[in-house]
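J.: Here you go, run-v6.cif (mmCIF, C-alpha atoms and all ligand atoms):
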data_protein
#
loop_
_atom_site.label_atom_id
_atom_site.label_comp_id
_atom_site.auth_asym_id
_atom_site.auth_seq_id
_atom_site.Cartn_x
_atom_site.Cartn_y
_atom_site.Cartn_z
CA MET J 1 9.15 -17.67 73.55
CA GLY J 2 7.39 -14.32 73.42
CA GLU J 3 3.65 -14.50 72.92
CA GLN J 4 1.97 -11.99 70.65
CA VAL J 5 -1.47 -10.78 71.66
CA PHE J 6 -3.78 -8.11 70.37
CA GLY J 7 -4.70 -5.28 72.67
CA SER J 8 -8.23 -3.92 72.82
CA SER J 9 -7.30 -1.24 70.28
CA GLY J 10 -6.41 -3.95 67.79
CA THR J 11 -2.73 -3.02 67.88
CA LEU J 12 -0.15 -5.65 68.52
CA THR J 13 1.54 -5.86 71.88
CA LEU J 14 4.23 -8.17 73.13
CA GLU J 15 3.83 -9.89 76.44
CA MET J 16 6.91 -9.89 78.63
CA THR J 17 8.27 -13.40 78.57
CA GLU J 18 11.65 -15.06 78.47
CA GLY J 19 13.76 -13.57 75.68
CA SER J 20 12.00 -10.20 75.87
CA PRO J 21 14.25 -8.38 78.36
CA ASP J 22 12.61 -5.01 77.79
CA ARG J 23 10.00 -3.37 75.65
CA THR J 24 12.35 -1.33 73.51
CA GLY J 25 14.40 -4.19 72.11
CA PRO J 26 14.66 -4.86 68.38
CA TYR J 27 11.67 -7.20 68.17
CA GLU J 28 9.52 -4.63 69.91
CA ALA J 29 10.76 -2.03 67.41
CA ALA J 30 9.99 -4.32 64.46
CA LEU J 31 6.48 -4.98 65.82
CA ASP J 32 5.90 -1.28 66.36
CA THR J 33 6.67 -0.51 62.70
CA LEU J 34 4.57 -3.46 61.56
CA SER J 35 1.64 -2.32 63.66
CA ARG J 36 1.72 1.17 62.11
CA THR J 37 2.05 -0.33 58.64
CA ALA J 38 -0.88 -2.68 59.22
CA THR J 39 -3.03 0.30 60.24
CA HIS J 40 -1.98 2.22 57.13
CA LEU J 41 -2.68 -0.79 54.88
CA LYS J 42 -5.96 -1.51 56.74
CA MET J 43 -4.90 -5.07 57.44
CA SER J 44 -7.07 -7.30 59.55
CA ALA J 45 -5.90 -8.49 62.96
CA VAL J 46 -5.27 -12.01 61.65
CA GLU J 47 -3.17 -10.71 58.75
CA GLN J 48 -1.17 -8.53 61.11
CA LYS J 49 -0.66 -11.43 63.45
CA LEU J 50 0.64 -13.59 60.60
CA TYR J 51 3.45 -11.11 59.90
CA ALA J 52 4.12 -10.42 63.57
CA THR J 53 4.89 -14.10 64.07
CA CYS J 54 7.86 -15.99 62.68
CA LYS J 55 7.11 -19.02 60.51
CA ARG J 56 9.87 -21.26 61.88
CA GLU J 57 12.14 -20.87 64.89
CA VAL J 58 14.92 -23.30 65.62
CA SER J 59 17.04 -23.05 68.72
CA VAL J 60 20.07 -25.25 69.23
CA SER J 61 22.57 -25.85 71.97
CA PHE J 62 25.68 -27.96 71.68
CA PRO J 63 29.01 -28.62 73.41
CA ILE J 64 32.20 -27.50 71.77
CA ARG J 65 35.74 -28.68 72.55
CA LEU J 66 38.12 -25.80 73.24
CA ASP J 67 41.83 -25.85 72.39
CA ASN J 68 42.70 -26.31 76.08
CA GLY J 69 40.81 -29.61 76.15
CA THR J 70 37.80 -28.38 78.14
CA SER J 71 34.28 -28.02 76.72
CA ARG J 72 31.82 -25.19 76.52
CA VAL J 73 28.13 -25.16 75.64
CA VAL J 74 27.09 -22.82 72.85
CA LYS J 75 23.55 -21.58 72.18
CA GLY J 76 22.26 -20.56 68.76
CA TYR J 77 19.18 -19.81 66.67
CA ARG J 78 17.89 -19.80 63.11
CA VAL J 79 14.58 -18.10 62.43
CA HIS J 80 12.54 -17.91 59.22
CA HIS J 81 10.15 -15.01 59.44
CA ASN J 82 8.18 -15.44 56.21
CA THR J 83 8.82 -17.36 53.00
CA ALA J 84 5.91 -16.26 50.80
CA LEU J 85 8.30 -14.84 48.19
CA GLY J 86 11.02 -17.50 48.18
CA PRO J 87 13.70 -19.30 50.18
CA ALA J 88 14.61 -17.86 53.57
CA LYS J 89 17.59 -15.50 53.32
CA GLY J 90 19.65 -13.75 55.94
CA GLY J 91 22.88 -13.51 57.81
CA ILE J 92 24.36 -15.35 60.76
CA ARG J 93 25.62 -13.25 63.63
CA PHE J 94 28.15 -14.25 66.30
CA ALA J 95 27.71 -11.82 69.21
CA THR J 96 27.27 -12.20 72.97
CA ASN J 97 23.89 -10.44 73.09
CA VAL J 98 22.23 -12.66 70.44
CA ASP J 99 18.87 -13.91 71.69
CA ILE J 100 15.68 -15.19 70.13
CA ASP J 101 13.94 -11.81 70.05
CA GLU J 102 16.84 -10.11 68.32
CA VAL J 103 16.98 -12.88 65.72
CA ARG J 104 13.22 -12.63 65.16
CA ALA J 105 13.45 -8.90 64.56
CA LEU J 106 16.38 -9.28 62.20
CA ALA J 107 14.55 -12.05 60.30
CA MET J 108 11.46 -9.84 59.92
CA TRP J 109 13.56 -6.97 58.61
CA MET J 110 15.12 -9.37 56.07
CA THR J 111 11.62 -10.27 54.80
CA TRP J 112 10.81 -6.60 54.24
CA LYS J 113 14.25 -5.82 52.82
CA CYS J 114 14.10 -8.56 50.19
CA ALA J 115 10.51 -7.73 49.24
CA LEU J 116 11.25 -4.01 48.92
CA LEU J 117 14.22 -4.64 46.64
CA GLY J 118 12.28 -7.10 44.47
CA ILE J 119 14.45 -10.07 45.46
CA PRO J 120 12.71 -13.49 45.40
CA TYR J 121 13.52 -14.45 48.98
CA GLY J 122 11.85 -14.69 52.33
CA GLY J 123 13.47 -13.38 55.49
CA ALA J 124 15.71 -15.28 57.90
CA LYS J 125 18.39 -14.64 60.47
CA GLY J 126 20.55 -16.75 62.71
CA GLY J 127 23.05 -16.29 65.43
CA LEU J 128 25.23 -17.77 68.10
CA ALA J 129 25.50 -16.12 71.51
CA ILE J 130 29.31 -15.99 71.55
CA ASP J 131 32.03 -13.38 71.31
CA PRO J 132 34.08 -14.67 68.36
CA ARG J 133 37.16 -12.80 69.64
CA GLU J 134 37.31 -15.17 72.63
CA PHE J 135 37.94 -18.16 70.36
CA SER J 136 40.85 -19.34 68.22
CA LYS J 137 40.32 -19.86 64.49
CA GLU J 138 40.25 -23.63 65.06
CA GLU J 139 37.59 -23.28 67.76
CA LEU J 140 35.49 -21.02 65.53
CA GLU J 141 35.75 -23.57 62.75
CA ARG J 142 34.53 -26.35 65.07
CA ILE J 143 31.69 -24.14 66.34
CA THR J 144 30.60 -23.17 62.81
CA ARG J 145 30.75 -26.72 61.47
CA ARG J 146 28.76 -28.06 64.43
CA PHE J 147 26.14 -25.28 64.06
CA THR J 148 25.88 -26.20 60.36
CA ARG J 149 25.37 -29.89 61.15
CA GLU J 150 22.67 -28.98 63.68
CA LEU J 151 20.91 -26.98 60.95
CA ALA J 152 21.72 -29.18 57.93
CA ASP J 153 18.02 -29.99 57.45
CA ILE J 154 17.08 -26.32 57.62
CA PHE J 155 19.71 -24.85 55.29
CA GLY J 156 19.68 -25.46 51.54
CA PRO J 157 20.18 -23.51 48.28
CA ASP J 158 16.40 -23.54 47.69
CA LYS J 159 15.38 -23.43 51.37
CA ASP J 160 17.58 -21.22 53.53
CA ILE J 161 20.68 -19.34 52.45
CA PRO J 162 22.91 -17.83 55.18
CA ALA J 163 25.33 -14.92 54.72
CA PRO J 164 27.77 -13.01 56.93
CA ASP J 165 26.60 -10.57 59.58
CA ILE J 166 28.20 -9.14 62.75
CA GLY J 167 31.08 -11.36 63.91
CA THR J 168 31.09 -13.64 60.85
CA ASP J 169 32.86 -13.36 57.50
CA GLN J 170 33.65 -15.14 54.25
CA GLN J 171 35.70 -17.79 56.08
CA THR J 172 32.63 -18.61 58.21
CA MET J 173 30.63 -19.00 54.98
CA ALA J 174 33.34 -21.25 53.50
CA TRP J 175 33.07 -23.58 56.54
CA ILE J 176 29.27 -23.66 56.28
CA LEU J 177 29.50 -24.37 52.55
CA ASP J 178 31.97 -27.20 53.13
CA GLU J 179 30.13 -28.80 56.04
CA TYR J 180 26.74 -28.56 54.33
CA SER J 181 28.20 -29.96 51.10
CA VAL J 182 29.67 -32.98 52.91
CA VAL J 183 26.27 -33.74 54.43
CA ALA J 184 24.40 -33.07 51.14
CA GLY J 185 26.83 -35.10 49.04
CA TYR J 186 27.64 -32.40 46.46
CA LEU J 187 29.32 -29.00 46.38
CA ALA J 188 26.28 -26.80 47.04
CA HIS J 189 27.56 -23.39 45.90
CA GLY J 190 24.13 -21.80 46.35
CA VAL J 191 23.77 -22.64 50.07
CA VAL J 192 25.60 -19.54 51.33
CA THR J 193 26.41 -16.09 50.00
CA GLY J 194 29.22 -13.78 51.01
CA LYS J 195 31.62 -16.68 50.46
CA PRO J 196 35.18 -16.26 49.16
CA LEU J 197 35.64 -15.57 45.44
CA ALA J 198 37.62 -18.79 45.06
CA LEU J 199 34.57 -20.77 46.22
CA GLY J 200 32.08 -19.06 43.92
CA GLY J 201 31.63 -15.75 45.74
CA SER J 202 30.62 -12.69 43.75
CA LEU J 203 32.84 -9.83 42.72
CA GLY J 204 31.66 -6.76 44.60
CA ARG J 205 30.03 -8.63 47.53
CA ALA J 206 32.52 -7.51 50.19
CA LEU J 207 31.76 -3.79 49.72
CA ALA J 208 28.15 -4.26 48.60
CA THR J 209 26.38 -3.10 51.78
CA SER J 210 28.65 -0.06 52.06
CA SER J 211 28.17 0.77 48.35
CA GLY J 212 24.41 0.60 48.69
CA VAL J 213 24.42 2.76 51.84
CA THR J 214 26.63 5.30 50.07
CA GLU J 215 24.47 5.45 46.93
CA ILE J 216 21.40 6.08 49.07
CA ALA J 217 23.23 8.60 51.28
CA LEU J 218 24.40 10.58 48.24
CA ALA J 219 20.89 10.55 46.75
CA ALA J 220 19.38 11.64 50.09
CA LEU J 221 21.94 14.43 50.56
CA LYS J 222 21.28 15.74 47.02
CA GLU J 223 17.58 15.76 47.74
CA GLU J 224 17.64 17.18 51.27
CA VAL J 225 20.78 19.31 51.49
CA GLY J 226 22.50 19.95 48.14
CA ASP J 227 25.82 19.04 46.51
CA PRO J 228 27.26 16.11 48.54
CA ARG J 229 30.78 17.47 47.95
CA LEU J 230 29.85 20.36 50.23
CA CYS J 231 28.36 18.08 52.88
CA THR J 232 29.72 16.64 56.13
CA ALA J 233 29.13 13.15 57.54
CA ILE J 234 29.44 11.19 60.78
CA VAL J 235 29.89 7.42 60.52
CA GLN J 236 29.20 5.41 63.68
CA GLY J 237 30.86 1.97 63.50
CA PHE J 238 34.01 1.08 61.62
CA GLY J 239 33.35 -2.59 60.84
CA LYS J 240 32.36 -4.31 57.60
CA VAL J 241 29.74 -1.67 56.79
CA GLY J 242 30.97 1.55 58.45
CA ALA J 243 34.58 1.44 57.24
CA GLY J 244 33.41 0.99 53.64
CA VAL J 245 30.83 3.78 53.96
CA ALA J 246 33.45 6.19 55.38
CA GLN J 247 35.79 5.29 52.51
CA LEU J 248 33.17 5.61 49.75
CA LEU J 249 31.74 8.88 51.13
CA HIS J 250 35.28 10.28 51.34
CA GLU J 251 35.97 9.19 47.74
CA ALA J 252 32.69 10.83 46.65
CA GLY J 253 33.92 14.13 48.12
CA VAL J 254 31.81 14.16 51.31
CA SER J 255 33.82 15.40 54.29
CA VAL J 256 33.80 12.67 56.96
CA VAL J 257 34.11 14.72 60.16
CA ALA J 258 33.66 11.98 62.77
CA VAL J 259 33.87 8.20 63.05
CA SER J 260 33.68 5.72 65.91
CA ASP J 261 34.29 2.08 66.68
CA GLU J 262 33.44 0.12 69.83
CA TYR J 263 36.45 1.53 71.72
CA GLY J 264 36.17 5.26 70.98
CA ALA J 265 35.64 8.01 68.42
CA LEU J 266 37.59 10.47 66.32
CA SER J 267 36.57 13.85 64.96
CA ASN J 268 38.12 16.47 62.73
CA LEU J 269 36.02 19.38 61.48
CA ALA J 270 38.35 19.78 58.50
CA GLY J 271 37.59 16.19 57.46
CA ILE J 272 39.35 12.93 58.31
CA ASP J 273 41.69 11.39 55.74
CA VAL J 274 39.81 8.09 55.60
CA HIS J 275 42.45 6.31 53.50
CA GLU J 276 45.10 7.13 56.13
CA LEU J 277 42.70 6.03 58.84
CA GLN J 278 42.09 2.71 57.10
CA ARG J 279 45.83 2.08 56.99
CA HIS J 280 45.98 2.81 60.73
CA TYR J 281 42.97 0.57 61.39
CA SER J 282 44.41 -2.36 59.41
CA ALA J 283 47.62 -2.10 61.43
CA HIS J 284 46.07 -1.64 64.89
CA GLY J 285 42.54 -3.06 64.69
CA ARG J 286 41.04 0.04 66.31
CA LEU J 287 40.73 3.79 65.74
CA THR J 288 42.58 4.65 68.96
CA GLY J 289 46.02 6.12 68.33
CA PHE J 290 45.24 7.71 64.94
CA GLY J 291 47.08 11.03 64.64
CA GLY J 292 44.86 12.94 62.19
CA ALA J 293 41.89 13.68 64.48
CA GLU J 294 40.76 14.51 67.99
CA HIS J 295 40.02 11.51 70.23
CA ARG J 296 36.56 11.49 71.75
CA ASP J 297 34.19 9.38 73.82
CA ARG J 298 32.61 6.69 71.70
CA ASP J 299 28.99 7.83 71.63
CA SER J 300 29.59 11.58 71.83
CA ILE J 301 29.80 11.94 68.02
CA LEU J 302 26.18 10.82 67.60
CA THR J 303 25.06 14.29 68.66
CA ASP J 304 27.68 16.28 66.70
CA ALA J 305 26.52 18.70 64.01
CA ALA J 306 26.78 17.47 60.39
CA ASP J 307 24.59 16.98 57.33
CA LEU J 308 24.55 13.18 57.49
CA LEU J 309 24.73 10.52 60.21
CA VAL J 310 25.26 6.88 59.26
CA PRO J 311 24.76 4.55 62.25
CA ALA J 312 26.51 1.43 60.97
CA ALA J 313 27.00 -0.87 63.94
CA VAL J 314 24.27 -2.33 66.16
CA GLU J 315 20.63 -1.85 67.14
CA GLY J 316 19.21 0.89 69.30
CA VAL J 317 22.04 3.49 69.26
CA LEU J 318 19.60 6.33 68.55
CA HIS J 319 17.16 6.22 71.45
CA GLY J 320 14.93 8.34 73.65
CA GLY J 321 17.96 9.53 75.59
CA ASN J 322 19.85 11.13 72.69
CA ALA J 323 17.39 11.66 69.78
CA SER J 324 16.47 15.21 70.81
CA ARG J 325 20.17 16.19 70.68
CA VAL J 326 20.94 14.72 67.23
CA GLN J 327 22.02 17.59 64.96
CA VAL J 328 21.95 16.21 61.40
CA ARG J 329 19.57 16.69 58.48
CA VAL J 330 19.68 13.09 57.27
CA VAL J 331 20.14 9.72 59.01
CA VAL J 332 20.92 6.77 56.73
CA GLU J 333 20.67 3.46 58.60
CA GLY J 334 23.69 1.33 57.71
CA ALA J 335 22.98 -1.04 60.62
CA ASN J 336 19.78 -3.02 61.15
CA GLY J 337 17.50 -1.34 63.67
CA PRO J 338 19.78 1.46 64.92
CA THR J 339 16.83 3.75 65.75
CA THR J 340 14.37 2.84 68.51
CA PRO J 341 10.67 3.67 67.93
CA GLU J 342 10.93 6.49 70.47
CA ALA J 343 13.94 8.03 68.70
CA ASP J 344 12.20 7.58 65.36
CA GLN J 345 9.26 9.62 66.59
CA VAL J 346 11.46 12.37 68.06
CA LEU J 347 13.63 12.63 64.94
CA ASN J 348 10.64 12.65 62.59
CA SER J 349 8.93 15.35 64.62
CA ARG J 350 12.12 17.43 64.41
CA GLY J 351 12.17 17.08 60.61
CA VAL J 352 15.22 14.80 60.42
CA VAL J 353 14.94 12.57 57.35
CA ILE J 354 15.62 8.92 58.25
CA VAL J 355 16.33 6.49 55.44
CA PRO J 356 15.39 3.14 56.99
CA ASP J 357 17.63 0.08 57.20
CA ILE J 358 15.43 -2.10 54.98
CA LEU J 359 16.21 0.29 52.13
CA ALA J 360 19.57 1.82 53.05
CA ASN J 361 21.55 -1.32 53.91
CA ALA J 362 19.92 -3.67 51.38
CA GLY J 363 23.00 -3.62 49.12
CA GLY J 364 24.43 -6.65 50.93
CA VAL J 365 21.50 -8.91 50.25
CA VAL J 366 21.10 -7.54 46.72
CA VAL J 367 24.61 -8.72 45.84
CA SER J 368 23.97 -11.91 47.83
CA TYR J 369 21.11 -12.50 45.41
CA PHE J 370 23.43 -11.79 42.47
CA GLU J 371 25.94 -14.26 43.97
CA TRP J 372 23.25 -16.93 44.33
CA ALA J 373 22.03 -16.30 40.77
CA GLN J 374 25.62 -16.63 39.50
CA ALA J 375 26.08 -19.87 41.49
CA ASN J 376 22.86 -21.29 40.08
CA GLN J 377 23.85 -20.23 36.54
CA GLY J 378 27.44 -21.40 36.97
CA TYR J 379 28.45 -18.13 35.28
CA ARG J 380 30.40 -15.28 36.89
CA TRP J 381 29.41 -11.68 36.20
CA GLY J 382 32.03 -8.94 35.83
CA GLU J 383 32.58 -6.42 38.64
CA GLU J 384 31.03 -3.58 36.63
CA THR J 385 27.89 -5.58 35.89
CA VAL J 386 27.47 -6.27 39.62
CA ALA J 387 28.07 -2.60 40.52
CA GLU J 388 25.69 -1.26 37.84
CA ARG J 389 22.90 -3.68 38.73
CA LEU J 390 23.31 -2.93 42.43
CA LYS J 391 23.14 0.83 41.87
CA GLU J 392 20.12 0.48 39.61
CA ARG J 393 18.18 -1.58 42.17
CA MET J 394 19.08 0.68 45.09
CA LEU J 395 18.11 3.89 43.29
CA ASP J 396 14.95 2.35 41.89
CA ALA J 397 13.87 1.35 45.42
CA TRP J 398 14.82 4.83 46.69
CA SER J 399 12.57 6.47 44.05
CA ARG J 400 9.66 4.13 44.77
CA VAL J 401 9.90 4.73 48.52
CA ARG J 402 10.09 8.51 48.10
CA ALA J 403 7.18 8.57 45.68
CA TYR J 404 5.04 6.44 48.04
CA ALA J 405 6.00 8.58 51.03
CA ARG J 406 4.97 11.74 49.18
CA ALA J 407 1.75 10.29 47.84
CA HIS J 408 0.64 8.99 51.26
CA GLU J 409 2.27 11.65 53.47
CA LEU J 410 4.37 9.08 55.32
CA ASP J 411 7.92 9.09 56.61
CA LEU J 412 10.38 6.94 54.64
CA ARG J 413 10.33 4.02 57.12
CA ALA J 414 6.55 3.82 57.00
CA ALA J 415 6.58 4.08 53.19
CA ALA J 416 9.31 1.45 52.70
CA THR J 417 7.61 -0.97 55.10
CA ALA J 418 4.21 -0.44 53.48
CA LEU J 419 5.63 -1.23 50.03
CA ALA J 420 7.44 -4.30 51.35
CA VAL J 421 4.52 -5.67 53.37
CA SER J 422 2.18 -5.17 50.39
CA GLU J 423 4.55 -7.18 48.20
CA VAL J 424 4.71 -10.06 50.69
CA HIS J 425 0.98 -9.92 51.34
CA ALA J 426 0.13 -10.10 47.63
CA ALA J 427 2.21 -13.29 47.29
CA GLN J 428 0.80 -14.69 50.52
CA GLN J 429 -2.79 -14.14 49.41
CA LEU J 430 -2.15 -15.91 46.10
CA ARG J 431 -0.53 -18.88 47.83
CA GLU J 432 -2.93 -19.21 50.73
CA GLU J 433 -5.66 -16.69 51.19
CA ILE J 434 -5.87 -15.26 54.68
CA VAL J 435 -9.53 -14.91 55.50
CA SER J 436 -10.45 -12.44 58.20
CA VAL J 437 -13.25 -12.98 60.64
N1 LIG J 501 23.58 -9.66 56.98
C1 LIG J 501 23.25 -8.81 55.87
C2 LIG J 501 21.97 -8.05 56.16
O1 LIG J 501 21.58 -7.88 57.29
C3 LIG J 501 23.21 -9.57 54.56
C4 LIG J 501 22.20 -10.66 54.48
C5 LIG J 501 22.34 -11.53 53.24
O2 LIG J 501 23.10 -11.19 52.35
O3 LIG J 501 21.64 -12.55 53.21
O4 LIG J 501 21.35 -7.53 55.28
#
Will you turn the file into structure tokens for me?
T.:
Amino acid sequence: MGEQVFGSSGTLTLEMTEGSPDRTGPYEAALDTLSRTATHLKMSAVEQKLYATCKREVSVSFPIRLDNGTSRVVKGYRVHHNTALGPAKGGIRFATNVDIDEVRALAMWMTWKCALLGIPYGGAKGGLAIDPREFSKEELERITRRFTRELADIFGPDKDIPAPDIGTDQQTMAWILDEYSVVAGYLAHGVVTGKPLALGGSLGRALATSSGVTEIALAALKEEVGDPRLCTAIVQGFGKVGAGVAQLLHEAGVSVVAVSDEYGALSNLAGIDVHELQRHYSAHGRLTGFGGAEHRDRDSILTDAADLLVPAAVEGVLHGGNASRVQVRVVVEGANGPTTPEADQVLNSRGVVIVPDILANAGGVVVSYFEWAQANQGYRWGEETVAERLKERMLDAWSRVRAYARAHELDLRAAATALAVSEVHAAQQLREEIVSV
């Protein structure tokens, strides 16, 4: 476990311990933002330490029987960062590089994301250090059910509500729902979100993150550049978030000039026909081989010229090594933590507007909240109601963040985090006052 200590300047530093492979990982990035926010909000060292530390960290390890009859040991985590505002909420990720520090960072970002959007949840995240593509569907089902049993005391509709993230989907949520419900003795619809419609999922959940990113991107382009229909965009990542963003930007009239997935990239200065590309992607499972664009090296498009860049895959893709070459006016973070602190500084100093993840990609958890509310009410909302309420919340948060940034002369990440931390801190102080020395 990493140990947080305060340096002589009062800022938070992270000692190098197991699980902290380097100082620019996601947890380090999350602590860096928190430290700057705490200074801005004039928080005491003990208050800052409270939010730098996760409330509950569970790590599990269990054997799983493979289809070939042999066994393998799987390692996983579930972390609650802070629950001052409500039950712990956040996705479960299946990816080889999952470790405790990544899960801590992602849990902290969920706390801020929910608070900023006015959603009555705390922040959580979980993950298994596996590559889901190495397993059959039956193996993944066994892994997911076993992980759920290991965490059956932690999960709960009023305690901890998982959702999909990288490497998981609505089928994963259906298995968690079923396994948890067997243990709990009733069909606990509210224990997961992002579940299939037939099991009480919400209309509009599948595209929710992409819709939210797109709404924010269009608002940011209008503000910073002009008519979005005259703008160009680069979308990095073509998974659950990126593919939807490319589609929705294209439908809104933005010219998508470059996209990438984990295998490579495509670019076309005249604009990619995203609908055609989606047909190709559904058939082949990768961008490679698409006829309507030039094939490029995967990361080369990050430094192409355009009005907008949407990093929509994993953490740390904009870093000290490429930030000075980024050539866009606006970055809208579709992924969690795609910009390292060093890149953030470089981009800000170059006048690039960065809309932070905790605002830009909050659409997923907003509709997760709608799904949970529907499950608790036992009453399904129509697709338009979901879409309208999502748009309203996203644009309201966008206006509040911009107004705060202007009033306090902060960048958007600092403003969004300050608003979120203040919200959590107000609830925390009412529940249990933190007294500083
Ligand atoms: N995994 C998504 C995120 O990072 C959604 C979380 C949720 O809906 O709970 O925001």
J.: Skipping near chain neighbours, those fewer than 5 positions away, what residues fall within 10 Å of stretch 249-251 of chain J using all atoms listed in the file, listed as a PyMOL selection string?
T.: chain J and resi 210-211+213-215+217-218+228-229+231-233+235+244+256-257+271-275
J.: Which of these residues is nearest to J:Val331, using all atoms listed in the file: J:Glu57, J:Glu276, J:Glu224, J:Asp169?
T.: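 Among the listed residues, the smallest separation from J:Val331 belongs to J:Glu224.
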J.: Between atom CA of J:Arg146 and atom CA of J:Arg78, measure the distance and give it in Å to one decimal.
T.: 13.7 Å
J.: Up to 9 Å from (8.4, -17.1, 54.6) in the file's coordinates: name the residues, counting all atoms listed in the file, as number ranges by chain.
T.: J: 54-56, 80-88, 111, 121-124, 424, 428
J.: Can you work out which residues are within 9 Å of ligand LIG 501 (chain J), considering all atoms listed in the file, and then hand them over as a ChimeraX atom specification?
T.: /J:88-93,106-107,109-110,113-114,123-125,161-166,192-194,205,209,335-336,357-358,361-369
J.: Determine the nearest neighbour of J:Glu333 from the options J:Arg72, J:His284, J:Arg413, J:His408, counting only C-alpha atoms.
T.: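 Smallest separation from J:Glu333 among the options: J:Arg413.
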J.: Quick one: residues within 6 Å of J:Gly334, only C-alpha atoms, excluding same-chain residues fewer than 3 positions away - as a short mmCIF file (atom, residue, chain, number, x, y, z; two decimals) with C-alpha atoms, in the frame of the given file?
T.:
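The new file selection_36.cif reads:
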data_model
loop_
_atom_site.label_atom_id
_atom_site.label_comp_id
_atom_site.auth_asym_id
_atom_site.auth_seq_id
_atom_site.Cartn_x
_atom_site.Cartn_y
_atom_site.Cartn_z
CA VAL J 310 25.26 6.88 59.26
CA PRO J 311 24.76 4.55 62.25
CA ALA J 312 26.51 1.43 60.97
CA ASN J 361 21.55 -1.32 53.91
#
J.: Kindly indicate which residue among J:Leu151, J:Ile234, J:Val346, J:Ala265 lies nearest to J:Leu309, using all atoms listed in the file for the distances.
T.: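 Among the listed residues, J:Ile234 lies closest to J:Leu309.
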J.: Quick one: pull the distance between atom CA of J:Thr53 and atom CA of J:Lys159, Å, one decimal.
T.: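 About the pair atom CA of J:Thr53 and atom CA of J:Lys159: they are 18.9 Å apart.
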J.: So that I can see what lies close to J:Val317, please list as a tab-separated table (two decimals) with C-alpha atoms, in the coordinates of the input the residues with an atom at most 12 Å from it, counting only C-alpha atoms and leaving out residues fewer than 4 positions away in the same chain.
T.:
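Output contents, as saved in out_37.tsv:
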chain	number	residue	atom	x	y	z
J	24	THR	CA	12.35	-1.33	73.51
J	25	GLY	CA	14.40	-4.19	72.11
J	26	PRO	CA	14.66	-4.86	68.38
J	236	GLN	CA	29.20	5.41	63.68
J	237	GLY	CA	30.86	1.97	63.50
J	262	GLU	CA	33.44	0.12	69.83
J	298	ARG	CA	32.61	6.69	71.70
J	299	ASP	CA	28.99	7.83	71.63
J	300	SER	CA	29.59	11.58	71.83
J	301	ILE	CA	29.80	11.94	68.02
J	302	LEU	CA	26.18	10.82	67.60
J	303	THR	CA	25.06	14.29	68.66
J	309	LEU	CA	24.73	10.52	60.21
J	310	VAL	CA	25.26	6.88	59.26
J	311	PRO	CA	24.76	4.55	62.25
J	312	ALA	CA	26.51	1.43	60.97
J	313	ALA	CA	27.00	-0.87	63.94
J	321	GLY	CA	17.96	9.53	75.59
J	322	ASN	CA	19.85	11.13	72.69
J	323	ALA	CA	17.39	11.66	69.78
J	326	VAL	CA	20.94	14.72	67.23
J	333	GLU	CA	20.67	3.46	58.60
J	334	GLY	CA	23.69	1.33	57.71
J	335	ALA	CA	22.98	-1.04	60.62
J	336	ASN	CA	19.78	-3.02	61.15
J	337	GLY	CA	17.50	-1.34	63.67
J	338	PRO	CA	19.78	1.46	64.92
J	339	THR	CA	16.83	3.75	65.75
J	340	THR	CA	14.37	2.84	68.51
J	341	PRO	CA	10.67	3.67	67.93
J	342	GLU	CA	10.93	6.49	70.47
J	343	ALA	CA	13.94	8.03	68.70
J	344	ASP	CA	12.20	7.58	65.36
J.: Which of these, J:Ile434, J:Val332, J:Ile64, J:Leu203, has the shortest distance to J:Trp381 once you count only C-alpha atoms?
T.: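 Under the stated criterion, the closest residue is J:Leu203.
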J.: Box time for stretch 339-347 of chain J: axis-aligned, enclosing all its listed atoms, 8 Å extra on each side; report centre and edge lengths in Å to one decimal, as JSON.
T.:
{"center_x": 13.0, "center_y": 7.7, "center_z": 67.7, "size_x": 23.6, "size_y": 25.8, "size_z": 21.5}
J.: Between J:Arg149, J:Arg406, J:Leu390, J:Thr96, which residue has the minimum interatomic distance to J:Leu117, considering only C-alpha atoms?
T.: J:Leu390
J.: Give me, as a VMD selection string, all polymer residues having an atom no more than 12 Å from stretch 172-179 of chain J, counting all atoms listed in the file and skipping those fewer than 4 positions away in the same chain.
T.: chain J and resid 91 to 94 132 137 to 152 155 to 157 161 to 168 183 to 201
J.: Which of these residues is nearest to J:Gly126, using all atoms listed in the file: J:Asp261, J:Glu432, J:Asp101, J:Glu392?
T.: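 Among J:Asp261, J:Glu432, J:Asp101, J:Glu392, it is J:Asp101 that comes nearest to J:Gly126.
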J.: What does the structure give for the distance between atom CA of J:Leu50 and atom CA of J:Arg402, in Å to one decimal?
T.: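 Distance reported for this atom pair: 27.1 Å.
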